[in-house]
$ cat query12.txt   # compact mmCIF, C-alpha atoms
# COMPACT_ATOMS: atom_id res chain seq x y z
CA MET A 1 -18.40 7.57 -4.58
CA ALA A 2 -18.25 6.31 -8.14
CA THR A 3 -15.21 5.33 -10.12
CA PRO A 4 -14.57 4.34 -13.74
CA SER A 5 -14.14 0.78 -14.88
CA GLY A 6 -13.49 -0.94 -18.14
CA PRO A 7 -11.10 -3.23 -19.99
CA ALA A 8 -8.17 -0.87 -19.39
CA GLU A 9 -8.41 -1.21 -15.63
CA VAL A 10 -7.04 -3.99 -13.43
CA LYS A 11 -8.88 -7.21 -14.09
CA ARG A 12 -10.75 -9.05 -11.35
CA GLU A 13 -8.94 -12.16 -10.13
CA GLY A 14 -10.29 -15.31 -8.51
CA GLU A 15 -13.38 -15.76 -6.40
CA ALA A 16 -14.45 -14.52 -3.01
CA PRO A 17 -12.30 -15.79 -0.11
CA ALA A 18 -13.06 -19.35 0.96
CA HIS A 19 -14.09 -18.26 4.45
CA HIS A 20 -16.76 -16.07 2.81
CA ARG A 21 -18.27 -18.98 0.89
CA ALA A 22 -18.18 -21.47 3.74
CA LYS A 23 -20.55 -19.56 6.04
CA PRO A 24 -24.32 -19.30 5.72
CA ALA A 25 -25.52 -16.13 4.07
CA ALA A 26 -26.92 -14.81 7.35
CA THR A 27 -23.50 -14.87 9.03
CA LEU A 28 -21.31 -13.63 6.19
CA PRO A 29 -18.86 -10.96 7.36
CA LYS A 30 -18.88 -7.64 5.58
CA PRO A 31 -16.00 -7.40 3.07
CA LEU A 32 -13.77 -4.31 3.00
CA ASN A 33 -10.96 -3.05 0.84
CA LEU A 34 -8.21 -1.31 2.79
CA ALA A 35 -6.23 1.68 1.46
CA LEU A 36 -3.20 2.25 3.69
CA GLN A 37 -1.14 5.45 3.69
CA GLY A 38 2.57 5.60 4.47
CA GLY A 39 4.19 7.54 7.29
CA GLY A 40 7.22 5.78 8.79
CA ALA A 41 6.77 4.75 12.42
CA HIS A 42 3.30 6.28 12.32
CA GLY A 43 2.37 3.14 10.41
CA ALA A 44 1.93 1.62 13.88
CA PHE A 45 -1.31 3.62 14.04
CA THR A 46 -2.45 1.62 11.02
CA TRP A 47 -1.37 -1.56 12.82
CA GLY A 48 -3.79 -0.64 15.63
CA VAL A 49 -6.61 0.05 13.17
CA LEU A 50 -6.05 -3.27 11.44
CA ASP A 51 -5.76 -5.15 14.73
CA ARG A 52 -9.18 -3.91 15.85
CA LEU A 53 -10.82 -4.58 12.48
CA LEU A 54 -9.42 -8.10 12.32
CA GLU A 55 -10.60 -8.73 15.87
CA ASP A 56 -14.16 -8.07 14.73
CA GLU A 57 -15.55 -11.26 13.20
CA ARG A 58 -18.04 -9.18 11.22
CA ILE A 59 -15.25 -7.79 8.98
CA ALA A 60 -13.37 -9.59 6.19
CA VAL A 61 -10.56 -8.09 4.11
CA GLU A 62 -10.88 -8.56 0.35
CA GLY A 63 -8.23 -6.20 -1.00
CA ILE A 64 -5.36 -4.06 0.31
CA SER A 65 -3.59 -1.16 -1.37
CA GLY A 66 -0.55 0.17 0.48
CA THR A 67 2.27 2.67 0.09
CA SER A 68 5.54 2.97 2.03
CA ALA A 69 4.78 1.97 5.65
CA GLY A 70 1.32 1.07 4.34
CA ALA A 71 2.98 -1.33 1.90
CA MET A 72 4.82 -3.00 4.79
CA ASN A 73 1.59 -3.38 6.72
CA ALA A 74 -0.20 -4.66 3.62
CA ALA A 75 2.37 -7.34 2.78
CA VAL A 76 2.71 -8.55 6.38
CA LEU A 77 -1.07 -8.58 6.85
CA ALA A 78 -1.66 -10.50 3.62
CA THR A 79 0.92 -13.11 4.64
CA GLY A 80 -0.80 -13.54 7.99
CA LEU A 81 -4.25 -13.76 6.40
CA ALA A 82 -3.02 -16.39 3.94
CA LYS A 83 -1.59 -18.54 6.71
CA GLY A 84 -4.07 -18.08 9.53
CA GLY A 85 -7.04 -15.90 8.65
CA ASN A 86 -7.83 -12.82 10.71
CA GLU A 87 -6.02 -14.08 13.80
CA GLY A 88 -3.03 -14.94 11.66
CA GLY A 89 -3.03 -11.39 10.35
CA ARG A 90 -3.08 -9.96 13.87
CA ARG A 91 -0.18 -12.15 14.99
CA ALA A 92 1.86 -11.31 11.90
CA LEU A 93 1.44 -7.55 12.37
CA GLU A 94 2.40 -7.66 16.05
CA ALA A 95 5.50 -9.76 15.31
CA TYR A 96 6.56 -7.33 12.59
CA TRP A 97 6.22 -4.21 14.74
CA ARG A 98 8.00 -5.89 17.65
CA ASP A 99 10.93 -6.54 15.33
CA VAL A 100 10.84 -2.92 14.17
CA SER A 101 11.25 -1.83 17.79
CA LYS A 102 14.06 -4.34 18.41
CA ASP A 103 16.02 -2.98 15.46
CA GLY A 104 15.37 0.51 16.76
CA ARG A 105 17.09 -0.22 20.06
CA THR A 106 20.52 0.03 18.45
CA SER A 107 19.65 3.14 16.45
CA PRO A 108 21.28 6.44 17.45
CA LEU A 109 17.87 8.05 16.93
CA GLN A 110 16.63 7.97 20.51
CA ARG A 111 14.78 10.50 22.65
CA THR A 112 16.85 12.58 25.03
CA LEU A 113 16.51 12.00 28.78
CA LEU A 114 14.61 15.27 29.15
CA ASP A 115 12.15 14.26 26.42
CA ARG A 116 11.56 10.95 28.20
CA LEU A 117 10.96 12.70 31.51
CA MET A 118 8.56 15.15 29.86
CA GLY A 119 6.70 12.40 27.98
CA ASN A 120 7.65 13.94 24.63
CA TRP A 121 7.93 11.52 21.68
CA SER A 122 9.90 13.95 19.46
CA LEU A 123 13.46 13.35 18.25
CA ASN A 124 14.06 17.00 17.38
CA ALA A 125 16.55 17.42 20.24
CA ASN A 126 18.50 14.26 19.38
CA PRO A 127 22.01 15.17 18.08
CA SER A 128 22.03 12.30 15.57
CA TYR A 129 18.66 13.34 14.16
CA ILE A 130 19.84 16.95 13.85
CA ALA A 131 23.06 15.82 12.13
CA PHE A 132 21.21 13.54 9.72
CA ASP A 133 18.67 16.27 8.94
CA MET A 134 21.47 18.68 8.05
CA MET A 135 23.49 16.10 6.13
CA SER A 136 20.53 15.06 3.98
CA ARG A 137 20.24 18.66 2.73
CA PHE A 138 23.74 18.58 1.24
CA LEU A 139 24.55 14.90 0.57
CA SER A 140 22.59 12.25 -1.31
CA PRO A 141 22.26 8.60 -0.23
CA TYR A 142 24.79 7.81 -2.95
CA ASP A 143 27.29 9.91 -0.97
CA PHE A 144 26.65 8.94 2.67
CA ASN A 145 25.45 5.36 2.01
CA PRO A 146 27.53 4.16 -0.97
CA LEU A 147 27.03 0.48 -0.03
CA ASN A 148 23.26 1.00 -0.12
CA ILE A 149 22.67 -0.62 3.28
CA ASN A 150 18.96 -0.79 4.07
CA PRO A 151 17.86 -2.42 7.36
CA LEU A 152 14.26 -2.67 6.16
CA MET A 153 15.17 -5.36 3.61
CA GLU A 154 15.93 -7.93 6.30
CA LEU A 155 12.68 -7.10 8.10
CA ILE A 156 10.68 -7.62 4.92
CA GLU A 157 12.33 -10.94 4.11
CA ARG A 158 11.81 -12.12 7.69
CA HIS A 159 8.11 -11.28 7.92
CA VAL A 160 6.73 -11.65 4.39
CA ASP A 161 6.40 -15.11 2.85
CA PHE A 162 6.37 -14.18 -0.83
CA VAL A 163 5.68 -17.71 -2.07
CA GLU A 164 2.63 -17.91 0.16
CA LEU A 165 1.60 -14.36 -0.68
CA GLN A 166 1.83 -14.74 -4.45
CA SER A 167 -0.06 -18.04 -4.49
CA CYS A 168 -2.86 -17.20 -2.05
CA ARG A 169 -6.36 -16.32 -3.25
CA HIS A 170 -7.59 -14.89 0.05
CA VAL A 171 -6.82 -11.25 -0.59
CA HIS A 172 -5.74 -8.93 -3.39
CA VAL A 173 -2.66 -6.81 -2.66
CA PHE A 174 -1.45 -3.72 -4.51
CA ILE A 175 1.78 -1.88 -3.69
CA SER A 176 2.58 1.56 -5.18
CA ALA A 177 5.98 2.99 -6.15
CA THR A 178 7.04 6.00 -8.23
CA ASN A 179 8.95 5.55 -11.50
CA VAL A 180 11.90 7.95 -11.19
CA HIS A 181 12.27 8.38 -14.96
CA THR A 182 8.61 8.99 -15.87
CA GLY A 183 7.22 10.32 -12.61
CA LYS A 184 4.28 7.91 -12.96
CA ALA A 185 2.89 5.51 -10.38
CA ARG A 186 3.70 1.83 -10.74
CA VAL A 187 1.33 -0.54 -8.98
CA PHE A 188 2.67 -4.00 -8.21
CA ALA A 189 -0.11 -6.58 -7.97
CA ARG A 190 0.07 -9.62 -5.71
CA HIS A 191 1.74 -11.92 -8.25
CA GLU A 192 4.45 -9.30 -8.87
CA LEU A 193 5.42 -8.71 -5.26
CA THR A 194 9.05 -9.14 -4.23
CA PRO A 195 11.18 -7.64 -1.44
CA GLN A 196 12.46 -5.11 -4.00
CA ALA A 197 8.91 -4.00 -4.88
CA ILE A 198 8.08 -3.30 -1.24
CA MET A 199 11.42 -1.56 -0.71
CA ALA A 200 10.71 0.59 -3.77
CA SER A 201 7.40 1.67 -2.24
CA ALA A 202 9.24 2.86 0.90
CA CYS A 203 12.29 4.39 -0.81
CA LEU A 204 12.54 7.99 0.38
CA PRO A 205 15.03 9.57 -2.08
CA PHE A 206 16.83 11.58 0.62
CA MET A 207 17.45 8.44 2.69
CA PHE A 208 17.92 5.54 0.26
CA GLN A 209 19.26 4.96 -3.22
CA ALA A 210 16.57 4.33 -5.84
CA VAL A 211 15.45 0.70 -5.99
CA GLU A 212 15.92 -0.78 -9.45
CA ILE A 213 13.50 -3.39 -10.75
CA ASP A 214 14.08 -4.72 -14.27
CA GLY A 215 16.41 -1.79 -14.86
CA VAL A 216 13.86 0.85 -13.81
CA PRO A 217 14.58 3.01 -10.73
CA TYR A 218 11.78 3.61 -8.22
CA TRP A 219 11.21 5.98 -5.30
CA ASP A 220 8.61 6.08 -2.56
CA GLY A 221 5.09 5.48 -3.82
CA GLY A 222 3.75 8.34 -1.73
CA TYR A 223 4.61 10.85 -4.43
CA MET A 224 2.11 9.46 -6.93
CA GLY A 225 -0.21 7.14 -5.00
CA ASN A 226 -0.58 7.49 -1.23
CA PRO A 227 -2.41 5.18 -1.44
CA ALA A 228 -3.57 4.19 -4.92
CA LEU A 229 -7.33 3.61 -5.02
CA TYR A 230 -7.82 2.79 -8.71
CA PRO A 231 -6.52 -0.82 -8.52
CA PHE A 232 -9.74 -1.66 -6.67
CA TYR A 233 -11.99 -0.59 -9.53
CA ASN A 234 -12.23 -3.98 -11.24
CA ALA A 235 -10.02 -6.28 -9.17
CA VAL A 236 -12.45 -6.80 -6.28
CA LYS A 237 -16.15 -7.43 -5.80
CA THR A 238 -16.98 -5.25 -2.82
CA ASP A 239 -17.65 -1.56 -3.40
CA ASP A 240 -16.44 -0.46 0.05
CA ILE A 241 -13.00 1.13 0.48
CA LEU A 242 -11.71 2.07 3.92
CA LEU A 243 -8.94 4.68 3.81
CA VAL A 244 -6.58 4.57 6.79
CA GLN A 245 -5.09 8.06 6.72
CA ILE A 246 -1.88 9.00 8.53
CA ASN A 247 -0.84 12.28 6.89
CA PRO A 248 -3.08 15.23 7.85
CA ILE A 249 -4.58 17.10 4.94
CA ILE A 250 -5.36 20.20 6.97
CA ARG A 251 -3.24 22.01 9.58
CA ARG A 252 -4.55 25.12 11.30
CA GLU A 253 -1.19 26.77 12.00
CA THR A 254 1.18 28.35 9.48
CA PRO A 255 4.67 26.79 9.70
CA LYS A 256 7.34 29.36 10.52
CA THR A 257 10.60 27.45 11.04
CA ALA A 258 12.61 25.93 8.17
CA ARG A 259 12.00 22.44 9.53
CA ASP A 260 8.24 22.95 9.93
CA ILE A 261 7.99 24.42 6.43
CA SER A 262 9.82 21.42 4.97
CA ASN A 263 7.62 19.00 6.90
CA ARG A 264 4.43 20.68 5.73
CA MET A 265 5.63 20.64 2.12
CA ASN A 266 6.15 16.89 2.43
CA GLU A 267 2.65 16.38 3.83
CA ILE A 268 1.11 18.40 0.98
CA THR A 269 3.13 16.46 -1.60
CA PHE A 270 2.21 13.09 -0.14
CA ASN A 271 -1.50 13.95 0.00
CA ALA A 272 -1.68 15.45 -3.50
CA SER A 273 -2.25 12.14 -5.30
CA LEU A 274 -4.98 11.14 -2.84
CA LEU A 275 -6.81 14.44 -3.30
CA ALA A 276 -6.55 14.09 -7.09
CA GLN A 277 -8.14 10.64 -6.93
CA LEU A 278 -10.91 11.89 -4.65
CA ARG A 279 -11.55 14.86 -6.96
CA ALA A 280 -11.86 12.62 -10.02
CA ALA A 281 -14.13 10.19 -8.19
CA GLU A 282 -16.39 12.98 -6.94
CA PHE A 283 -16.71 14.31 -10.50
CA VAL A 284 -17.81 10.90 -11.77
CA THR A 285 -20.26 10.58 -8.87
CA ARG A 286 -21.95 13.83 -9.85
CA LEU A 287 -22.23 12.65 -13.45
CA LEU A 288 -23.83 9.40 -12.27
CA GLU A 289 -26.30 11.28 -10.08
CA HIS A 290 -27.32 13.47 -13.01
CA GLY A 291 -27.72 10.46 -15.30
CA SER A 292 -24.88 11.53 -17.59
CA LEU A 293 -23.07 8.22 -17.06
CA LYS A 294 -24.27 4.65 -16.80
CA LYS A 295 -23.86 2.80 -13.53
CA LYS A 296 -22.15 -0.57 -13.82
CA GLY A 297 -24.26 -3.62 -13.01
CA ASP A 298 -26.55 -6.27 -14.48
CA GLY A 299 -24.29 -6.69 -17.49
CA ILE A 300 -23.86 -2.96 -18.08
CA ASP A 301 -20.24 -1.91 -18.68
CA GLY A 302 -20.34 1.41 -16.91
CA TYR A 303 -19.04 3.07 -13.75
CA ARG A 304 -18.96 1.59 -10.27
CA ASP A 305 -20.62 3.48 -7.45
CA LEU A 306 -17.98 2.87 -4.78
CA ARG A 307 -18.51 3.60 -1.09
CA LEU A 308 -15.66 5.38 0.68
CA HIS A 309 -14.91 5.38 4.40
CA ARG A 310 -12.03 6.79 6.44
CA ILE A 311 -10.23 6.28 9.75
CA ASP A 312 -7.60 8.79 10.80
CA GLY A 313 -5.71 9.77 13.93
CA ALA A 314 -7.31 13.22 14.07
CA GLU A 315 -5.69 15.58 16.57
CA LYS A 316 -3.51 12.91 18.20
CA LEU A 317 -1.49 12.34 15.03
CA VAL A 318 -1.52 16.01 14.08
CA ALA A 319 0.12 16.80 17.43
CA LEU A 320 3.15 14.64 16.58
CA ASP A 321 6.01 16.33 14.71
CA ALA A 322 7.70 14.78 11.68
CA SER A 323 10.70 13.49 13.64
CA THR A 324 8.45 10.99 15.44
CA LYS A 325 8.08 9.09 12.15
CA MET A 326 11.60 7.81 12.88
CA ASN A 327 10.93 6.91 16.52
CA ALA A 328 10.91 3.10 16.75
CA GLU A 329 10.67 2.76 20.55
CA TRP A 330 8.26 0.02 21.56
CA GLU A 331 6.45 2.34 23.98
CA PHE A 332 5.78 4.80 21.16
CA LEU A 333 4.65 2.11 18.74
CA VAL A 334 2.25 0.75 21.37
CA TYR A 335 0.92 4.27 21.94
CA LEU A 336 0.23 4.60 18.20
CA ARG A 337 -1.30 1.11 18.08
CA ASP A 338 -3.66 1.97 20.92
CA ILE A 339 -4.92 5.21 19.35
CA GLY A 340 -5.36 3.27 16.11
CA ARG A 341 -7.49 0.69 17.92
CA GLU A 342 -9.52 3.49 19.53
CA ALA A 343 -10.12 5.14 16.15
CA ALA A 344 -11.22 1.82 14.60
CA GLU A 345 -13.49 1.11 17.56
CA ALA A 346 -15.16 4.50 17.14
CA PHE A 347 -15.59 3.86 13.41
CA LEU A 348 -17.19 0.46 13.96
CA GLU A 349 -19.59 1.80 16.59
CA ARG A 350 -20.62 4.72 14.40
CA HIS A 351 -20.53 3.28 10.91
CA PHE A 352 -20.55 -0.52 10.85
CA ASP A 353 -24.17 -0.59 9.66
CA ASP A 354 -23.23 1.79 6.82
CA ILE A 355 -20.68 -0.64 5.33
CA GLY A 356 -22.20 -2.10 2.20
CA VAL A 357 -24.93 0.57 2.23
CA ARG A 358 -23.48 4.08 1.80
CA SER A 359 -20.30 6.15 1.95
CA THR A 360 -19.42 7.65 5.32
CA LEU A 361 -16.71 9.99 3.96
CA ASP A 362 -18.26 13.10 2.45
CA VAL A 363 -15.86 13.60 -0.44
CA ARG A 364 -17.45 16.87 -1.57
CA GLU A 365 -17.11 18.37 1.89
CA GLU A 366 -13.54 17.10 2.14
CA LEU A 367 -12.61 18.76 -1.14
CA ARG A 368 -14.42 21.96 -0.21
CA ARG A 369 -12.46 22.21 3.07
CA SER A 370 -9.20 21.39 1.29

$ encode --input "query12.txt" --output "structure tokens"
Amino acid sequence: MATPSGPAEVKREGEAPAHHRAKPAATLPKPLNLALQGGGAHGAFTWGVLDRLLEDERIAVEGISGTSAGAMNAAVLATGLAKGGNEGGRRALEAYWRDVSKDGRTSPLQRTLLDRLMGNWSLNANPSYIAFDMMSRFLSPYDFNPLNINPLMELIERHVDFVELQSCRHVHVFISATNVHTGKARVFARHELTPQAIMASACLPFMFQAVEIDGVPYWDGGYMGNPALYPFYNAVKTDDILLVQINPIIRRETPKTARDISNRMNEITFNASLLAQLRAAEFVTRLLEHGSLKKKGDGIDGYRDLRLHRIDGAEKLVALDASTKMNAEWEFLVYLRDIGREAAEAFLERHFDDIGVRSTLDVREELRRS
């Protein structure tokens, strides 16, 4: 996959991570850029993917782009990497998701006894979930949450060391939010990250008041960049981007109920920006193949031939309804973590040798099926 580059794009910062330079060339780990989608509690699937990748000493993270729950994972991971390398990243992610589950214990959004007995993760039968779903259709967060209470803020401040994050040179971090006034994506780079920036990336407009930063209101980044891929074009050295995808692009069944229709509309909306980026990249790739554009390299200011990979939850995530994105039970988060680890394990077994060599996501086929 090829993508444009030039002076207008994000500029490359710093050098390769120190742990890259310290090892002999023969034992250098393969660098990867991570593009992390959002999806509420389903972000624990991404935790599992990251946990397995970090466990593999052959993989090193150079850059991370995240949105919503992906932004949370990105900031926590980067803090852990800065403090303790790959193992530090694994410990930081587990501590964060354990705290998510602890906060969820006092939430009224719990599975019913019947759902627990049946092994069903859905909250659709929970009275509080039903009431909130109905209320959000008629009242805004400015009505039902006038004090703008957001429990995620405390979690972010507890698990992200922003001084360490902003000063570290180990990994590039990019967090996406949507400018409410312009409808454009705003990407916060590592040196710009604050608790407000991460909260902006996860600000669903039907749940939270818009997050203001320097007088500009922001909503969830998923509307315009879920996740944003273009920050990688010039900011990093490696050409490999691994997309960790939570929201299914394709569903085989037509939604019939009002709730299912609304949920599918949200999935389509949150995947639209990703598909647009893939479509633009595929177009540039074809131009490069035909010799209509110059490939960047050896002093040539042209277009990078990026390699794209993907890990997703396939049928296991598709089988979960939208209400499970608000299920913070530890047992559910562990279930998601484990299927994330399984998906990453399968990717490494099948495609590790392809990293640094070729794309393993067929973008043309993906667009044709979409």

$ residues_around --input "query12.txt" --residues "stretch 358-364 of chain A" --least-positions-apart "4" --cutoff "6 Å" --atoms "only C-alpha atoms" --output "VMD selection string"
chain A and resid 307 to 309 354

$ write_last_selection --input "query12.txt" --atoms "C-alpha atoms" --output "PDB file, keeping the file's coordinate frame"
ATOM      1  CA  ARG A 307     -18.510   3.600  -1.090  1.00  0.00           C
ATOM      2  CA  LEU A 308     -15.660   5.380   0.680  1.00  0.00           C
ATOM      3  CA  HIS A 309     -14.910   5.380   4.400  1.00  0.00           C
ATOM      4  CA  ASP A 354     -23.230   1.790   6.820  1.00  0.00           C
TER       5      ASP A 354
END

$ atom_distance --input "query12.txt" --atom1 "atom CA of A:Leu333" --atom2 "atom CA of A:Leu93"
12.0 Å

$ residues_around --input "query12.txt" --residues "A:Trp219" --least-positions-apart "5" --cutoff "12 Å" --atoms "only C-alpha atoms" --output "PyMOL selection string"
chain A and resi 67-68+176-186+196-213+224-225

$ residues_around --input "query12.txt" --residues "A:Arg105" --least-positions-apart "5" --cutoff "12 Å" --atoms "all atoms listed in the file" --output "PyMOL selection string"
chain A and resi 98-100+110-111+327-331

$ residues_around --input "query12.txt" --residues "stretch 75-82 of chain A" --least-positions-apart "2" --cutoff "8 Å" --atoms "only C-alpha atoms" --output "PyMOL selection string"
chain A and resi 71-73+84-93+96+159-162+164-165+168-171+173

$ residues_around --input "query12.txt" --residues "stretch 118-132 of chain A" --least-positions-apart "3" --cutoff "6 Å" --atoms "only C-alpha atoms" --output "list of chain:residue names"
A:Arg111, A:Asp115, A:Met135, A:Ser136, A:Ser323, A:Thr324

$ closest_residue --input "query12.txt" --among "A:Gln277, A:Asn148, A:Gln245, A:Thr254" --to "A:Gly313" --atoms "only C-alpha atoms"
A:Gln245

$ closest_residue --input "query12.txt" --among "A:Asn247, A:Asn226, A:Thr257, A:Ser101" --to "A:Leu278" --atoms "all atoms listed in the file"
A:Asn226

$ closest_residue --input "query12.txt" --among "A:Pro227, A:Ile311, A:Glu366, A:Asp353" --to "A:Arg52" --atoms "all atoms listed in the file"
A:Ile311

$ decode --input "query12.txt" --residues "stretch 150-172 of chain A" --atoms "N, CA and C atoms" --output "short mmCIF file (atom, residue, chain, number, x, y, z; two decimals), in the first residue's frame"
data_model
loop_
_atom_site.label_atom_id
_atom_site.label_comp_id
_atom_site.auth_asym_id
_atom_site.auth_seq_id
_atom_site.Cartn_x
_atom_site.Cartn_y
_atom_site.Cartn_z
N ASN A 150 -17.51 12.63 34.34
CA ASN A 150 -16.99 11.63 33.42
C ASN A 150 -16.00 10.73 34.17
N PRO A 151 -16.38 9.49 34.48
CA PRO A 151 -15.51 8.60 35.25
C PRO A 151 -14.23 8.21 34.53
N LEU A 152 -14.19 8.38 33.21
CA LEU A 152 -12.99 8.01 32.46
C LEU A 152 -11.82 8.94 32.75
N MET A 153 -12.11 10.19 33.14
CA MET A 153 -11.04 11.15 33.39
C MET A 153 -10.10 10.68 34.49
N GLU A 154 -10.69 10.17 35.57
CA GLU A 154 -9.86 9.69 36.68
C GLU A 154 -9.01 8.50 36.26
N LEU A 155 -9.58 7.61 35.45
CA LEU A 155 -8.83 6.47 34.95
C LEU A 155 -7.63 6.92 34.13
N ILE A 156 -7.85 7.88 33.27
CA ILE A 156 -6.76 8.38 32.42
C ILE A 156 -5.65 8.98 33.26
N GLU A 157 -6.02 9.83 34.20
CA GLU A 157 -5.02 10.50 35.03
C GLU A 157 -4.27 9.51 35.91
N ARG A 158 -4.92 8.40 36.26
CA ARG A 158 -4.29 7.40 37.11
C ARG A 158 -3.30 6.54 36.35
N HIS A 159 -3.57 6.30 35.06
CA HIS A 159 -2.78 5.31 34.33
C HIS A 159 -1.89 5.89 33.23
N VAL A 160 -2.01 7.17 32.95
CA VAL A 160 -1.15 7.78 31.93
C VAL A 160 -0.27 8.84 32.57
N ASP A 161 1.03 8.65 32.47
CA ASP A 161 1.99 9.64 32.97
C ASP A 161 2.32 10.58 31.81
N PHE A 162 1.68 11.73 31.79
CA PHE A 162 1.81 12.61 30.63
C PHE A 162 3.18 13.27 30.55
N VAL A 163 3.82 13.51 31.67
CA VAL A 163 5.19 14.06 31.63
C VAL A 163 6.12 13.06 30.99
N GLU A 164 6.01 11.80 31.42
CA GLU A 164 6.84 10.74 30.84
C GLU A 164 6.52 10.53 29.37
N LEU A 165 5.23 10.55 29.06
CA LEU A 165 4.78 10.29 27.70
C LEU A 165 5.25 11.37 26.73
N GLN A 166 5.12 12.62 27.12
CA GLN A 166 5.49 13.72 26.24
C GLN A 166 6.99 13.83 26.03
N SER A 167 7.77 13.37 27.00
CA SER A 167 9.22 13.52 26.91
C SER A 167 9.93 12.30 26.33
N CYS A 168 9.22 11.17 26.24
CA CYS A 168 9.88 9.95 25.78
C CYS A 168 10.11 9.99 24.28
N ARG A 169 11.15 9.26 23.83
CA ARG A 169 11.45 9.18 22.41
C ARG A 169 11.27 7.75 21.90
N HIS A 170 10.69 6.89 22.73
CA HIS A 170 10.59 5.48 22.37
C HIS A 170 9.53 5.20 21.30
N VAL A 171 8.46 5.99 21.33
CA VAL A 171 7.35 5.67 20.45
C VAL A 171 6.58 6.94 20.10
N HIS A 172 6.11 7.02 18.88
CA HIS A 172 5.27 8.13 18.44
C HIS A 172 3.82 7.78 18.74
#
